[in-house]
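See below for work-v4.cif, which holds mmCIF, C-alpha atoms.
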```cif
data_query
loop_
_atom_site.group_PDB
_atom_site.id
_atom_site.type_symbol
_atom_site.label_atom_id
_atom_site.label_comp_id
_atom_site.auth_asym_id
_atom_site.auth_seq_id
_atom_site.Cartn_x
_atom_site.Cartn_y
_atom_site.Cartn_z
ATOM 1 C CA MET A 1 0.000 0.000 0.000
ATOM 2 C CA GLU A 2 1.537 3.281 -1.131
ATOM 3 C CA ALA A 3 -1.370 5.663 -0.651
ATOM 4 C CA GLY A 4 -4.838 5.955 0.784
ATOM 5 C CA SER A 5 -7.859 8.053 1.678
ATOM 6 C CA ILE A 6 -11.261 7.969 3.334
ATOM 7 C CA SER A 7 -14.377 8.684 1.298
ATOM 8 C CA ILE A 8 -17.574 9.879 2.958
ATOM 9 C CA THR A 9 -21.043 10.375 1.481
ATOM 10 C CA GLU A 10 -22.361 13.879 2.065
ATOM 11 C CA HIS A 11 -25.425 15.441 0.463
ATOM 12 C CA GLY A 12 -25.586 12.704 -2.161
ATOM 13 C CA ARG A 13 -21.984 13.266 -3.196
ATOM 14 C CA ILE A 14 -18.920 11.307 -2.198
ATOM 15 C CA GLU A 15 -16.313 13.548 -0.625
ATOM 16 C CA THR A 16 -12.675 12.575 -0.060
ATOM 17 C CA ARG A 17 -11.134 13.118 3.343
ATOM 18 C CA HIS A 18 -7.478 12.929 4.298
ATOM 19 C CA PRO A 19 -5.970 11.733 0.976
ATOM 20 C CA THR A 20 -2.272 10.973 1.326
ATOM 21 C CA SER A 21 -1.564 12.977 -1.836
ATOM 22 C CA GLU A 22 -3.225 15.336 -4.287
ATOM 23 C CA ALA A 23 -3.202 12.575 -6.917
ATOM 24 C CA ILE A 24 -5.218 10.285 -4.639
ATOM 25 C CA GLY A 25 -7.701 13.068 -3.989
ATOM 26 C CA LYS A 26 -8.133 13.467 -7.743
ATOM 27 C CA LEU A 27 -8.634 9.724 -8.269
ATOM 28 C CA ASP A 28 -11.282 9.626 -5.559
ATOM 29 C CA ASN A 29 -13.013 12.628 -7.124
ATOM 30 C CA ILE A 30 -12.977 10.863 -10.504
ATOM 31 C CA GLN A 31 -14.666 7.844 -8.912
ATOM 32 C CA SER A 32 -17.316 10.155 -7.488
ATOM 33 C CA GLU A 33 -17.890 11.916 -10.826
ATOM 34 C CA LEU A 34 -18.026 8.675 -12.824
ATOM 35 C CA ARG A 35 -20.001 6.848 -10.085
ATOM 36 C CA GLU A 36 -17.655 3.967 -10.811
ATOM 37 C CA GLY A 37 -14.814 2.277 -8.955
ATOM 38 C CA PRO A 38 -14.128 0.102 -5.911
ATOM 39 C CA CYS A 39 -14.892 2.955 -3.527
ATOM 40 C CA ILE A 40 -18.319 3.516 -5.114
ATOM 41 C CA THR A 41 -19.052 -0.210 -4.968
ATOM 42 C CA ALA A 42 -17.981 -0.353 -1.307
ATOM 43 C CA LEU A 43 -20.273 2.566 -0.459
ATOM 44 C CA GLU A 44 -23.303 1.854 -2.620
ATOM 45 C CA ASP A 45 -23.354 -1.886 -3.288
ATOM 46 C CA PRO A 46 -20.972 -3.529 -0.839
ATOM 47 C CA PRO A 47 -20.470 -7.286 -0.811
ATOM 48 C CA PRO A 48 -21.300 -9.099 2.467
ATOM 49 C CA CYS A 49 -17.710 -8.738 3.654
ATOM 50 C CA GLY A 50 -17.761 -4.980 2.945
ATOM 51 C CA LEU A 51 -14.456 -5.303 1.084
ATOM 52 C CA VAL A 52 -13.984 -4.517 -2.629
ATOM 53 C CA VAL A 53 -10.645 -5.362 -4.281
ATOM 54 C CA ALA A 54 -9.329 -4.405 -7.696
ATOM 55 C CA GLY A 55 -6.287 -6.612 -8.261
ATOM 56 C CA ASP A 56 -5.042 -5.077 -11.497
ATOM 57 C CA PHE A 57 -6.540 -2.090 -13.283
ATOM 58 C CA ALA A 58 -4.346 -2.865 -16.293
ATOM 59 C CA GLY A 59 -5.749 -6.408 -16.384
ATOM 60 C CA ALA A 60 -9.121 -7.993 -15.660
ATOM 61 C CA ASP A 61 -10.354 -5.139 -13.475
ATOM 62 C CA ALA A 62 -10.207 -2.780 -16.445
ATOM 63 C CA GLU A 63 -13.348 -4.541 -17.667
ATOM 64 C CA ARG A 64 -15.109 -4.257 -14.314
ATOM 65 C CA TRP A 65 -14.485 -0.499 -14.050
ATOM 66 C CA PRO A 66 -13.751 0.501 -17.682
ATOM 67 C CA ARG A 67 -14.042 4.270 -17.293
ATOM 68 C CA PHE A 68 -12.143 4.543 -14.024
ATOM 69 C CA ALA A 69 -9.326 2.043 -14.678
ATOM 70 C CA PRO A 70 -7.363 4.156 -17.210
ATOM 71 C CA HIS A 71 -7.153 7.051 -14.727
ATOM 72 C CA VAL A 72 -5.705 4.807 -12.019
ATOM 73 C CA VAL A 73 -3.088 3.291 -14.329
ATOM 74 C CA GLU A 74 -2.138 6.726 -15.675
ATOM 75 C CA ALA A 75 -1.588 7.911 -12.086
ATOM 76 C CA GLY A 76 0.817 5.013 -11.498
ATOM 77 C CA TYR A 77 -1.379 2.673 -9.490
ATOM 78 C CA ARG A 78 -2.520 -0.831 -10.364
ATOM 79 C CA ALA A 79 -4.469 -2.135 -7.362
ATOM 80 C CA LEU A 80 -7.058 -0.671 -5.011
ATOM 81 C CA MET A 81 -8.844 -2.054 -1.993
ATOM 82 C CA SER A 82 -11.869 -0.255 -0.529
ATOM 83 C CA THR A 83 -13.281 -1.252 2.837
ATOM 84 C CA GLN A 84 -16.738 -0.083 3.835
ATOM 85 C CA LEU A 85 -16.737 1.697 7.183
ATOM 86 C CA SER A 86 -20.195 1.140 8.605
ATOM 87 C CA THR A 87 -21.362 3.398 11.422
ATOM 88 C CA ASP A 88 -24.975 2.191 11.650
ATOM 89 C CA GLY A 89 -25.996 5.798 11.211
ATOM 90 C CA GLY A 90 -26.570 8.266 8.407
ATOM 91 C CA LEU A 91 -22.888 8.434 7.541
ATOM 92 C CA ARG A 92 -21.409 6.065 4.966
ATOM 93 C CA ALA A 93 -17.684 5.880 4.469
ATOM 94 C CA ALA A 94 -14.959 3.748 2.907
ATOM 95 C CA LEU A 95 -11.239 3.348 3.500
ATOM 96 C CA ASN A 96 -9.335 3.282 0.179
ATOM 97 C CA LEU A 97 -5.850 1.768 -0.114
ATOM 98 C CA TYR A 98 -3.940 2.221 -3.398
ATOM 99 C CA SER A 99 -0.919 0.203 -4.545
ATOM 100 C CA ALA A 100 1.408 0.500 -7.539
ATOM 101 C CA THR A 101 1.872 -3.278 -7.411
ATOM 102 C CA PRO A 102 -0.706 -5.494 -9.138
ATOM 103 C CA HIS A 103 -2.477 -7.988 -6.883
ATOM 104 C CA ALA A 104 -0.957 -6.375 -3.806
ATOM 105 C CA TYR A 105 -3.867 -7.259 -1.556
ATOM 106 C CA GLY A 106 -3.711 -10.913 -0.608
ATOM 107 C CA GLY A 107 -5.229 -12.652 2.404
ATOM 108 C CA ASN A 108 -3.152 -10.942 5.101
ATOM 109 C CA ALA A 109 -3.693 -7.490 3.638
ATOM 110 C CA ARG A 110 -7.432 -8.081 3.489
ATOM 111 C CA THR A 111 -7.511 -9.255 7.077
ATOM 112 C CA MET A 112 -5.546 -6.206 8.216
ATOM 113 C CA ALA A 113 -7.811 -3.892 6.211
ATOM 114 C CA GLY A 114 -10.848 -5.492 7.809
ATOM 115 C CA MET A 115 -9.414 -5.014 11.292
ATOM 116 C CA PHE A 116 -8.390 -1.435 10.582
ATOM 117 C CA GLY A 117 -11.788 -0.799 9.012
ATOM 118 C CA ALA A 118 -13.525 -1.976 12.192
ATOM 119 C CA GLN A 119 -11.422 0.412 14.280
ATOM 120 C CA ALA A 120 -12.001 3.291 11.865
ATOM 121 C CA SER A 121 -15.751 2.573 11.953
ATOM 122 C CA LEU A 122 -15.744 2.982 15.725
ATOM 123 C CA LEU A 123 -13.912 6.294 15.413
ATOM 124 C CA LEU A 124 -16.352 7.531 12.760
ATOM 125 C CA TYR A 125 -19.292 6.422 14.887
ATOM 126 C CA GLY A 126 -17.872 8.328 17.845
ATOM 127 C CA ALA A 127 -17.292 11.445 15.744
ATOM 128 C CA GLU A 128 -20.781 11.272 14.248
ATOM 129 C CA THR A 129 -22.363 10.767 17.668
ATOM 130 C CA ALA A 130 -20.406 13.713 19.088
ATOM 131 C CA ALA A 131 -21.540 15.901 16.181
ATOM 132 C CA HIS A 132 -25.190 14.910 16.773
ATOM 133 C CA LEU A 133 -24.865 15.664 20.470
ATOM 134 C CA GLN A 134 -23.297 19.040 19.733
ATOM 135 C CA ARG A 135 -26.149 19.927 17.359
ATOM 136 C CA ALA A 136 -28.682 18.782 19.969
ATOM 137 C CA VAL A 137 -27.096 20.992 22.635
ATOM 138 C CA GLU A 138 -27.024 23.962 20.259
ATOM 139 C CA SER A 139 -30.686 23.393 19.334
ATOM 140 C CA ARG A 140 -31.680 23.155 22.993
ATOM 141 C CA ASP A 141 -29.796 26.365 23.793
ATOM 142 C CA ILE A 142 -31.337 28.378 20.952
ATOM 143 C CA ILE A 143 -34.840 27.139 21.805
ATOM 144 C CA GLY A 144 -34.214 28.041 25.446
ATOM 145 C CA GLN A 145 -33.169 31.569 24.448
ATOM 146 C CA ALA A 146 -36.251 31.982 22.252
ATOM 147 C CA LYS A 147 -38.536 30.760 25.036
ATOM 148 C CA GLY A 148 -36.922 33.255 27.410
ATOM 149 C CA ILE A 149 -37.616 36.099 24.983
ATOM 150 C CA LEU A 150 -41.274 35.091 24.614
ATOM 151 C CA MET A 151 -41.710 34.619 28.371
ATOM 152 C CA GLU A 152 -40.343 38.109 29.032
ATOM 153 C CA ARG A 153 -42.279 39.826 26.238
ATOM 154 C CA PHE A 154 -45.656 38.136 26.675
ATOM 155 C CA LYS A 155 -45.491 37.287 30.400
ATOM 156 C CA VAL A 156 -46.157 33.598 29.749
ATOM 157 C CA ASP A 157 -44.706 30.500 31.368
ATOM 158 C CA ASP A 158 -42.171 28.069 29.877
ATOM 159 C CA ASN A 159 -44.801 25.709 28.416
ATOM 160 C CA ASP A 160 -46.823 28.511 26.777
ATOM 161 C CA ALA A 161 -43.679 29.997 25.270
ATOM 162 C CA PHE A 162 -42.766 26.610 23.820
ATOM 163 C CA GLN A 163 -46.275 26.194 22.376
ATOM 164 C CA MET A 164 -45.936 29.621 20.731
ATOM 165 C CA LEU A 165 -42.751 28.441 19.045
ATOM 166 C CA VAL A 166 -44.403 25.193 17.935
ATOM 167 C CA LYS A 167 -47.376 27.105 16.458
ATOM 168 C CA SER A 168 -45.041 29.474 14.596
ATOM 169 C CA SER A 169 -43.096 26.491 13.290
ATOM 170 C CA GLN A 170 -46.264 24.884 11.933
ATOM 171 C CA GLU A 171 -47.563 28.105 10.394
ATOM 172 C CA THR A 172 -44.289 29.021 8.702
ATOM 173 C CA ASN A 173 -43.324 25.445 7.769
ATOM 174 C CA LEU A 174 -39.929 26.031 9.367
ATOM 175 C CA LYS A 175 -38.191 23.722 11.815
ATOM 176 C CA LEU A 176 -38.592 24.641 15.462
ATOM 177 C CA THR A 177 -34.899 25.507 15.718
ATOM 178 C CA GLY A 178 -35.210 27.704 12.618
ATOM 179 C CA VAL A 179 -38.041 29.713 14.185
ATOM 180 C CA ALA A 180 -36.134 30.007 17.453
ATOM 181 C CA ARG A 181 -32.958 31.124 15.689
ATOM 182 C CA TRP A 182 -34.894 33.740 13.687
ATOM 183 C CA LEU A 183 -36.454 35.148 16.862
ATOM 184 C CA VAL A 184 -33.136 35.315 18.707
ATOM 185 C CA ASP A 185 -31.460 36.929 15.688
ATOM 186 C CA GLN A 186 -34.249 39.525 15.390
ATOM 187 C CA VAL A 187 -33.969 40.485 19.041
ATOM 188 C CA GLY A 188 -30.173 40.651 18.744
ATOM 189 C CA THR A 189 -30.414 42.873 15.657
ATOM 190 C CA SER A 190 -32.910 45.188 17.326
ATOM 191 C CA ALA A 191 -30.758 45.488 20.435
ATOM 192 C CA SER A 192 -27.627 46.299 18.436
ATOM 193 C CA THR A 193 -29.345 49.037 16.397
ATOM 194 C CA THR A 194 -30.927 50.736 19.425
ATOM 195 C CA GLU A 195 -28.537 53.209 20.972
ATOM 196 C CA PRO A 196 -28.587 53.931 24.721
ATOM 197 C CA GLY A 197 -30.948 56.753 25.607
ATOM 198 C CA THR A 198 -32.966 56.575 22.369
ATOM 199 C CA GLY A 199 -35.493 53.948 23.528
#
```

Please render this file's structure as structure tokens.
Amino acid sequence: MEAGSISITEHGRIETRHPTSEAIGKLDNIQSELREGPCITALEDPPPCGLVVAGDFAGADAERWPRFAPHVVEAGYRALMSTQLSTDGGLRAALNLYSATPHAYGGNARTMAGMFGAQASLLLYGAETAAHLQRAVESRDIIGQAKGILMERFKVDDNDAFQMLVKSSQETNLKLTGVARWLVDQVGTSASTTEPGTG
């Protein structure tokens, strides 16, 4: 293995993360544009083992991925192994290992890739969970601020303020956090444009 990267699906597009070189980043982008290659197969139609191996892009694998293979060979690589990194969440990812040597990924390499893939999956799961928790905390905070504004302005309790936000969300077809953020932003804008002594 001479090079590698991690590919992640975001907004319907496959994005490359942490390529070991600019050339690898380009190859991953070509896979994404062509919707063809071991990485795409690992992400979209993985075999039961979650491992997709191209032994030789200048040989038999040129027929399996005919549009992508010439780009790999031109870049100086002959073999590619992509391991699906499952997180059991909304995120799909694959570890891609490139080699200039044909048929570089035998039994031991596949076993190691599987083990590394399992560890990487745990890390991705942890990162994704942390991101969800962070967004949840931010949503809770912004909703809390909006409720505070409504409670102060309309002299209502916590529950009534929340119901006001829910009603506004339904009427405007915006998410609850979107309504809350708009309200907080409006109050912040008003406060910043009102000079002391003019109210």

Exercise for review: Check the smallest atom-to-atom distance from each of A:Gln145, A:Asn29, A:Asn96, A:Thr20 to Val187 (chain A) using only C-alpha atoms, then report the winner.
Suggested key: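 With only C-alpha atoms as the atom set, the closest residue is A:Gln145.
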
Check your understanding: In Å, with one decimal, what is the gap from CA of Asp160 (chain A) to CA of Gly188 (chain A)?
Key ->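 Result for CA of Asp160 (chain A) versus CA of Gly188 (chain A): 22.1 Å, one decimal.
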
Region 173-184 of chain A environment, 7 Å, all atoms listed in the file, sequence neighbours closer than 6 positions dropped, as a compact mmCIF listing (two decimals) with C-alpha atoms, in the coordinates of the input:
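Done, and the output landed in out-v6.txt:
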```
# COMPACT_ATOMS: atom_id res chain seq x y z
CA SER A 139 -30.69 23.39 19.33
CA ILE A 142 -31.34 28.38 20.95
CA ILE A 143 -34.84 27.14 21.80
CA GLN A 145 -33.17 31.57 24.45
CA ALA A 146 -36.25 31.98 22.25
CA LEU A 165 -42.75 28.44 19.05
CA VAL A 166 -44.40 25.19 17.93
```

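Once only C-alpha atoms are considered, the residues situated within 12 Å of the file point (-12.6, 14.9, -7.8) turn out to be Ser7, Arg13, Ile14, Glu15, Thr16, Arg17, Pro19, Glu22, Ala23, Ile24, Gly25, Lys26, Leu27, Asp28, Asn29, Ile30, Gln31, Ser32, Glu33, Leu34, Arg35 and His71 of chain A.
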
Convert the current residue selection to file output with C-alpha atoms, as a PDB file, in the coordinates of the input.
```
ATOM      1  CA  SER A   7     -14.377   8.684   1.298  1.00  0.00           C
ATOM      2  CA  ARG A  13     -21.984  13.266  -3.196  1.00  0.00           C
ATOM      3  CA  ILE A  14     -18.920  11.307  -2.198  1.00  0.00           C
ATOM      4  CA  GLU A  15     -16.313  13.548  -0.625  1.00  0.00           C
ATOM      5  CA  THR A  16     -12.675  12.575  -0.060  1.00  0.00           C
ATOM      6  CA  ARG A  17     -11.134  13.118   3.343  1.00  0.00           C
ATOM      7  CA  PRO A  19      -5.970  11.733   0.976  1.00  0.00           C
ATOM      8  CA  GLU A  22      -3.225  15.336  -4.287  1.00  0.00           C
ATOM      9  CA  ALA A  23      -3.202  12.575  -6.917  1.00  0.00           C
ATOM     10  CA  ILE A  24      -5.218  10.285  -4.639  1.00  0.00           C
ATOM     11  CA  GLY A  25      -7.701  13.068  -3.989  1.00  0.00           C
ATOM     12  CA  LYS A  26      -8.133  13.467  -7.743  1.00  0.00           C
ATOM     13  CA  LEU A  27      -8.634   9.724  -8.269  1.00  0.00           C
ATOM     14  CA  ASP A  28     -11.282   9.626  -5.559  1.00  0.00           C
ATOM     15  CA  ASN A  29     -13.013  12.628  -7.124  1.00  0.00           C
ATOM     16  CA  ILE A  30     -12.977  10.863 -10.504  1.00  0.00           C
ATOM     17  CA  GLN A  31     -14.666   7.844  -8.912  1.00  0.00           C
ATOM     18  CA  SER A  32     -17.316  10.155  -7.488  1.00  0.00           C
ATOM     19  CA  GLU A  33     -17.890  11.916 -10.826  1.00  0.00           C
ATOM     20  CA  LEU A  34     -18.026   8.675 -12.824  1.00  0.00           C
ATOM     21  CA  ARG A  35     -20.001   6.848 -10.085  1.00  0.00           C
ATOM     22  CA  HIS A  71      -7.153   7.051 -14.727  1.00  0.00           C
TER      23      HIS A  71
END
```

Check your understanding: Taking the file as shown, what set of residues would the PyMOL selection byres ((chain A and resi 41-57) around 6) give back, as a PyMOL selection string?
Key -> chain A and resi 38-40+58-59+61-62+69+78-84+102-103

Review point. Which residue gives the smallest distance to Gly76 (chain A) among A:Phe154, A:Tyr105, A:Phe162, A:Tyr98, with only C-alpha atoms counted?
Key: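 Smallest distance to Gly76 (chain A) is found for A:Tyr98.
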
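Using only C-alpha atoms, the nearest neighbour of Leu97 (chain A) within the list A:Thr189, A:Ser5, A:Glu171, A:Tyr77 is A:Ser5.
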
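Picture a line from CA of Asp158 (chain A) to CA of Gly144 (chain A); it runs 9.1 Å.
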
Exercise for review: Work out how far apart CA of Ile8 (chain A) and CA of Arg92 (chain A) are and give it in Å to one decimal.
Suggested key: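 Between these atoms lies a distance of 5.8 Å.
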
Rebuild N, CA and C atoms on region 132-148 of chain A, as a tab-separated table (two decimals), keeping the file's coordinate frame?
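Okay, result.tsv is ready:
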```
chain	number	residue	atom	x	y	z
A	132	HIS	N	-23.74	14.88	16.50
A	132	HIS	CA	-25.19	14.91	16.77
A	132	HIS	C	-25.47	15.52	18.15
A	133	LEU	N	-24.67	15.12	19.13
A	133	LEU	CA	-24.86	15.66	20.47
A	133	LEU	C	-24.62	17.17	20.50
A	134	GLN	N	-23.60	17.61	19.78
A	134	GLN	CA	-23.30	19.04	19.73
A	134	GLN	C	-24.45	19.81	19.12
A	135	ARG	N	-25.01	19.26	18.00
A	135	ARG	CA	-26.15	19.93	17.36
A	135	ARG	C	-27.36	19.94	18.28
A	136	ALA	N	-27.55	18.85	19.04
A	136	ALA	CA	-28.68	18.78	19.97
A	136	ALA	C	-28.54	19.83	21.07
A	137	VAL	N	-27.33	19.99	21.60
A	137	VAL	CA	-27.10	20.99	22.64
A	137	VAL	C	-27.33	22.39	22.08
A	138	GLU	N	-26.84	22.64	20.87
A	138	GLU	CA	-27.02	23.96	20.26
A	138	GLU	C	-28.50	24.24	20.02
A	139	SER	N	-29.25	23.22	19.57
A	139	SER	CA	-30.69	23.39	19.33
A	139	SER	C	-31.40	23.70	20.64
A	140	ARG	N	-31.04	22.93	21.70
A	140	ARG	CA	-31.68	23.16	22.99
A	140	ARG	C	-31.41	24.57	23.50
A	141	ASP	N	-30.17	25.03	23.33
A	141	ASP	CA	-29.80	26.36	23.79
A	141	ASP	C	-30.56	27.46	23.05
A	142	ILE	N	-30.66	27.33	21.73
A	142	ILE	CA	-31.34	28.38	20.95
A	142	ILE	C	-32.83	28.39	21.25
A	143	ILE	N	-33.42	27.21	21.45
A	143	ILE	CA	-34.84	27.14	21.80
A	143	ILE	C	-35.06	27.74	23.19
A	144	GLY	N	-34.13	27.47	24.10
A	144	GLY	CA	-34.21	28.04	25.45
A	144	GLY	C	-34.15	29.57	25.41
A	145	GLN	N	-33.27	30.11	24.57
A	145	GLN	CA	-33.17	31.57	24.45
A	145	GLN	C	-34.46	32.15	23.89
A	146	ALA	N	-35.01	31.49	22.87
A	146	ALA	CA	-36.25	31.98	22.25
A	146	ALA	C	-37.41	31.93	23.25
A	147	LYS	N	-37.48	30.85	24.02
A	147	LYS	CA	-38.54	30.76	25.04
A	147	LYS	C	-38.39	31.89	26.06
A	148	GLY	N	-37.16	32.18	26.46
A	148	GLY	CA	-36.92	33.26	27.41
A	148	GLY	C	-37.40	34.60	26.89
```
